[in-house]
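Quick notes on the structure that follows.
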2 protein chains.
Amino acid sequence: MEANGSQKTGLGQRRQQQILRAAENEFEQYGFNGARMQRIADRAGVPKSNVHYYFANKSELYDAVLVNVVALWDQALAPIDPDSNPTEVLLEYVRLKVEFTHRYPAATRIFALELLHGGDKMSKRLNRRTCQWTHERAAEIQRWIDRKQILPLNPYHLIFMIWASTQHYAQSETQVRAIYRKRSLTARDHQQWAQSLQVMVLRICGLENPD
Amino acid sequence: MEANGSQKTGLGQRRQQQILRAAENEFEQYGFNGARMQRIADRAGVPKSNVHYYFANKSELYDAVLVNVVALWDQALAPIDPDSNPTEVLLEYVRLKVEFTHRYPAATRIFALELLHGGDKMSKRLNRRTCQWTHERAAEIQRWIDRKQILPLNPYHLIFMIWASTQHYAQSETQVRAIYRKRSLTARDHQQWAQSLQVMVLRICGLENPD
DNA sequence: CGTAATCCTGACTTTTTAGTCAATTTATAA
DNA sequence: TTATAAATTGACTAAAAAGTCAGGATTACG
């Protein structure tokens, strides 16, 4: 009768995933407090009690969604070859970050919502990883500055600027759409945004070669 | 008995403001759905029924809060002398925007929350004003480019980058604090952020004079 | 004063929503 | 085939929150 990790059939697993996806959309759109168990059930096409069969309560369901979100973020932090030169690293990172935002808008928005609400429910683990990643990256940037490979600047501020900007199309999509008078933002819109951001970052670092 | 705009005494007006401020904090912290009328009453130090005396229901109270937020935003959009040169305009705008974010964190976060939720409740009026302002500013930037006063770039993207970055300290305060290992962000933190952003924007536009 | 308008409030009702449970169906595997 | 576990579900309960209201207190003002 219990559900906690004791699914035997693949069918149960699939149903659980189906509910999880429905929940992700609901939480993205309404946030934790605005989300309704009934609507999540409706989205998943199952009765509400079936949702409770797999997830004891709303918090547990939200936590399960956050696990996915956090896993995605971990992945987004992962790469970047330390042997590359500053230009390559920066271009690649901006491109990846914009692509991520475009590909996982739900995860991006849920993350943003969590931060706005103080990130209490966000796992401590992610926080530690993010901080560590940031300090390492900042140190790397500082090394570039020391070696005169890029213009001097506050490394943390460069990282913040990239984060803030890359997420902008997801976080403020409404505003951007209103200004462009568009119903939705296409892959092309995101590509152009990525390109502009790349140019900006290179100019900030004095890396643009004007040919 | 009715309250709608029929206050005679200044005392009633003051009480209404007091409730409005309490509501602003509550909505900032919990969002519309997470906000509780009881907690708003507690914050304001009055019984719940007194809140209902001034605001018929939660939505009406939220709308009243949004009116203030929108008014602040209007104000933030207002200035900028068209006769100034690009450098002056950009420096001043970045400084103003960061200062605004620091001075009115509640308004900034409520606005961000609204955008994340699609901005349905945000007045159409603000939207039109914002769009108009943006198009005017973009045209102005385009003129600078045409006259070779600044390097070529997508004017809208420059505006988005400034918006996204200037708001970052309010929207992702949790993350920034975690990285800096600080309990709160001071005026000094914001000043330094403003300065960094100013340098970045100037470099993006090719306006930095390295003396 | 007096009285009328405004303001205030505790106790209440209503609505919404999360969460439970017993009964039933469906799948699994000996 | 049949015993057992897993999955499903409608009808229910409990809790939380919004919202109402009658009557009391306070204030403005002639």
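Simple scheme: letters A, B, ... for chains in structure tokens order, numbers from 1 for residues in each chain, numbers from 1 for ligands in the order shown.
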Could the residues of chain D within 12 Å of chain A, counting only C-alpha atoms (C1' of nucleotides), be given as a compact mmCIF listing (two decimals) with C-alpha atoms (C1' of nucleotides), in the first residue's frame, please?
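Generated file (part20.txt):
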# COMPACT_ATOMS: atom_id res chain seq x y z
C1' DT D 4 -0.69 -11.46 -2.73
C1' DA D 5 0.87 -6.96 -3.47
C1' DA D 6 0.31 -2.72 -5.95
C1' DA D 7 -2.50 0.69 -7.76
C1' DT D 8 -6.79 3.22 -8.09
C1' DT D 9 -10.74 5.87 -6.66
C1' DG D 10 -15.04 8.36 -4.78
C1' DA D 11 -16.72 9.84 -0.76
C1' DC D 12 -15.42 11.64 3.24
What are the nearest atom pairs, with distances in Å to one decimal, for all residues of chain C that come at most 8 Å from chain B, using only C-alpha atoms (C1' of nucleotides), set out by chain and rising residue number as CSV?
residue,atom,partner,partner_atom,distance
C:DT6,C1',B:Met1,CA,6.7
C:DC7,C1',B:Gly12,CA,7.5
C:DC8,C1',B:Asn50,CA,6.6
C:DT9,C1',B:Ser49,CA,6.8
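You can rank A:Arg181, A:Leu197, A:Ser172, A:Trp144 by their closest distance to Leu158 in chain B using only C-alpha atoms, and at the top of that list sits A:Leu197.
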Give me, as JSON lines, the closest atom pair and its distance (Å, one decimal) for every residue of chain B within a cut-off of 6 Å of chain A, counting only C-alpha atoms, rows sorted by chain and rising number.
{"residue": "B:Asn33", "atom": "CA", "partner": "A:Gly34", "partner_atom": "CA", "distance": 5.1}
{"residue": "B:Gly34", "atom": "CA", "partner": "A:Asn33", "partner_atom": "CA", "distance": 5.1}
{"residue": "B:Leu115", "atom": "CA", "partner": "A:Ser172", "partner_atom": "CA", "distance": 5.5}
{"residue": "B:Leu116", "atom": "CA", "partner": "A:Gln171", "partner_atom": "CA", "distance": 5.6}
{"residue": "B:Gly118", "atom": "CA", "partner": "A:Thr174", "partner_atom": "CA", "distance": 5.7}
{"residue": "B:Cys131", "atom": "CA", "partner": "A:Ile179", "partner_atom": "CA", "distance": 5.2}
{"residue": "B:Met161", "atom": "CA", "partner": "A:Ser165", "partner_atom": "CA", "distance": 5.4}
{"residue": "B:Ala164", "atom": "CA", "partner": "A:Ser165", "partner_atom": "CA", "distance": 5.3}
{"residue": "B:Ser165", "atom": "CA", "partner": "A:Ala164", "partner_atom": "CA", "distance": 5.3}
{"residue": "B:His168", "atom": "CA", "partner": "A:Ala164", "partner_atom": "CA", "distance": 5.9}
{"residue": "B:Gln171", "atom": "CA", "partner": "A:Leu116", "partner_atom": "CA", "distance": 5.6}
{"residue": "B:Ser172", "atom": "CA", "partner": "A:Leu115", "partner_atom": "CA", "distance": 5.5}
{"residue": "B:Thr174", "atom": "CA", "partner": "A:Gly118", "partner_atom": "CA", "distance": 5.7}
{"residue": "B:Ile179", "atom": "CA", "partner": "A:Cys131", "partner_atom": "CA", "distance": 5.2}
{"residue": "B:Met200", "atom": "CA", "partner": "A:Ile204", "partner_atom": "CA", "distance": 5.3}
{"residue": "B:Arg203", "atom": "CA", "partner": "A:Ile204", "partner_atom": "CA", "distance": 5.2}
{"residue": "B:Ile204", "atom": "CA", "partner": "A:Arg203", "partner_atom": "CA", "distance": 5.3}
Exercise. Could you find all residues in range 47-103 of chain A that DSSP calls alpha helix (DSSP H) from the backbone, and write them as a PyMOL selection string?
Key: chain A and resi 48-54+58-77+86-103
So that I have them on file, write out the residues from the current selection with N, CA and C atoms, as a short mmCIF file (atom, residue, chain, number, x, y, z; two decimals), in the first residue's frame.
data_model
loop_
_atom_site.label_atom_id
_atom_site.label_comp_id
_atom_site.auth_asym_id
_atom_site.auth_seq_id
_atom_site.Cartn_x
_atom_site.Cartn_y
_atom_site.Cartn_z
N LYS A 48 -7.36 13.10 -7.57
CA LYS A 48 -6.47 13.69 -6.57
C LYS A 48 -5.89 12.63 -5.64
N SER A 49 -6.71 11.67 -5.26
CA SER A 49 -6.23 10.68 -4.30
C SER A 49 -5.08 9.85 -4.88
N ASN A 50 -5.03 9.80 -6.19
CA ASN A 50 -3.91 9.08 -6.81
C ASN A 50 -2.60 9.85 -6.63
N VAL A 51 -2.70 11.16 -6.66
CA VAL A 51 -1.51 11.97 -6.40
C VAL A 51 -1.01 11.67 -5.00
N HIS A 52 -1.94 11.60 -4.05
CA HIS A 52 -1.55 11.36 -2.66
C HIS A 52 -1.04 9.94 -2.44
N TYR A 53 -1.40 9.06 -3.36
CA TYR A 53 -0.86 7.70 -3.23
C TYR A 53 0.65 7.72 -3.44
N TYR A 54 1.11 8.56 -4.38
CA TYR A 54 2.54 8.60 -4.69
C TYR A 54 3.31 9.62 -3.85
N LYS A 58 1.76 17.83 -0.11
CA LYS A 58 2.19 18.84 -1.07
C LYS A 58 3.69 19.12 -0.96
N SER A 59 4.18 19.26 0.27
CA SER A 59 5.59 19.57 0.47
C SER A 59 6.48 18.47 -0.11
N GLU A 60 6.06 17.23 0.11
CA GLU A 60 6.86 16.12 -0.39
C GLU A 60 6.90 16.14 -1.92
N LEU A 61 5.76 16.47 -2.51
CA LEU A 61 5.69 16.57 -3.96
C LEU A 61 6.59 17.71 -4.46
N TYR A 62 6.53 18.84 -3.77
CA TYR A 62 7.35 19.98 -4.16
C TYR A 62 8.83 19.64 -4.03
N ASP A 63 9.19 18.97 -2.94
CA ASP A 63 10.58 18.56 -2.76
C ASP A 63 11.03 17.68 -3.92
N ALA A 64 10.16 16.76 -4.33
CA ALA A 64 10.51 15.88 -5.44
C ALA A 64 10.77 16.69 -6.70
N VAL A 65 9.95 17.72 -6.93
CA VAL A 65 10.16 18.59 -8.09
C VAL A 65 11.49 19.31 -7.96
N LEU A 66 11.77 19.82 -6.76
CA LEU A 66 13.01 20.57 -6.54
C LEU A 66 14.24 19.70 -6.78
N VAL A 67 14.15 18.43 -6.45
CA VAL A 67 15.28 17.53 -6.69
C VAL A 67 15.66 17.56 -8.17
N ASN A 68 14.66 17.50 -9.03
CA ASN A 68 14.93 17.57 -10.46
C ASN A 68 15.55 18.91 -10.84
N VAL A 69 14.96 19.98 -10.33
CA VAL A 69 15.45 21.32 -10.64
C VAL A 69 16.92 21.45 -10.23
N VAL A 70 17.20 21.01 -9.02
CA VAL A 70 18.57 21.12 -8.49
C VAL A 70 19.53 20.29 -9.34
N ALA A 71 19.09 19.10 -9.73
CA ALA A 71 19.94 18.25 -10.56
C ALA A 71 20.28 18.95 -11.87
N LEU A 72 19.30 19.61 -12.46
CA LEU A 72 19.53 20.34 -13.70
C LEU A 72 20.55 21.46 -13.49
N TRP A 73 20.40 22.16 -12.38
CA TRP A 73 21.33 23.26 -12.09
C TRP A 73 22.74 22.75 -11.91
N ASP A 74 22.86 21.68 -11.16
CA ASP A 74 24.17 21.07 -10.98
C ASP A 74 24.82 20.83 -12.33
N GLN A 75 24.03 20.29 -13.21
CA GLN A 75 24.50 19.99 -14.56
C GLN A 75 24.95 21.27 -15.28
N ALA A 76 24.18 22.34 -15.10
CA ALA A 76 24.50 23.60 -15.77
C ALA A 76 25.79 24.21 -15.21
N LEU A 77 26.13 23.88 -13.98
CA LEU A 77 27.35 24.42 -13.38
C LEU A 77 28.58 23.63 -13.82
N PRO A 86 40.41 32.52 -22.04
CA PRO A 86 39.26 33.27 -21.53
C PRO A 86 38.15 33.43 -22.57
N THR A 87 38.50 33.80 -23.76
CA THR A 87 37.48 34.03 -24.79
C THR A 87 36.61 32.79 -24.99
N GLU A 88 37.26 31.65 -25.19
CA GLU A 88 36.51 30.41 -25.41
C GLU A 88 35.61 30.10 -24.22
N VAL A 89 36.16 30.19 -23.03
CA VAL A 89 35.40 29.85 -21.82
C VAL A 89 34.17 30.74 -21.69
N LEU A 90 34.37 32.04 -21.84
CA LEU A 90 33.27 32.98 -21.65
C LEU A 90 32.18 32.79 -22.71
N LEU A 91 32.61 32.65 -23.96
CA LEU A 91 31.63 32.46 -25.04
C LEU A 91 30.80 31.20 -24.80
N GLU A 92 31.49 30.13 -24.46
CA GLU A 92 30.81 28.87 -24.25
C GLU A 92 29.85 28.95 -23.06
N TYR A 93 30.30 29.59 -21.99
CA TYR A 93 29.45 29.62 -20.80
C TYR A 93 28.17 30.42 -21.05
N VAL A 94 28.31 31.55 -21.69
CA VAL A 94 27.13 32.36 -22.00
C VAL A 94 26.17 31.57 -22.89
N ARG A 95 26.72 30.92 -23.89
CA ARG A 95 25.89 30.15 -24.81
C ARG A 95 25.13 29.04 -24.06
N LEU A 96 25.87 28.30 -23.24
CA LEU A 96 25.25 27.22 -22.47
C LEU A 96 24.16 27.73 -21.55
N LYS A 97 24.44 28.83 -20.90
CA LYS A 97 23.50 29.36 -19.91
C LYS A 97 22.20 29.81 -20.58
N VAL A 98 22.31 30.49 -21.70
CA VAL A 98 21.10 30.94 -22.41
C VAL A 98 20.33 29.73 -22.92
N GLU A 99 21.07 28.76 -23.45
CA GLU A 99 20.42 27.56 -23.98
C GLU A 99 19.67 26.82 -22.87
N PHE A 100 20.32 26.73 -21.72
CA PHE A 100 19.70 26.08 -20.57
C PHE A 100 18.38 26.76 -20.21
N THR A 101 18.43 28.07 -20.13
CA THR A 101 17.25 28.85 -19.78
C THR A 101 16.12 28.61 -20.76
N HIS A 102 16.50 28.52 -22.04
CA HIS A 102 15.49 28.30 -23.07
C HIS A 102 14.93 26.89 -23.01
N ARG A 103 15.80 25.95 -22.71
CA ARG A 103 15.41 24.55 -22.73
C ARG A 103 14.62 24.14 -21.50
#
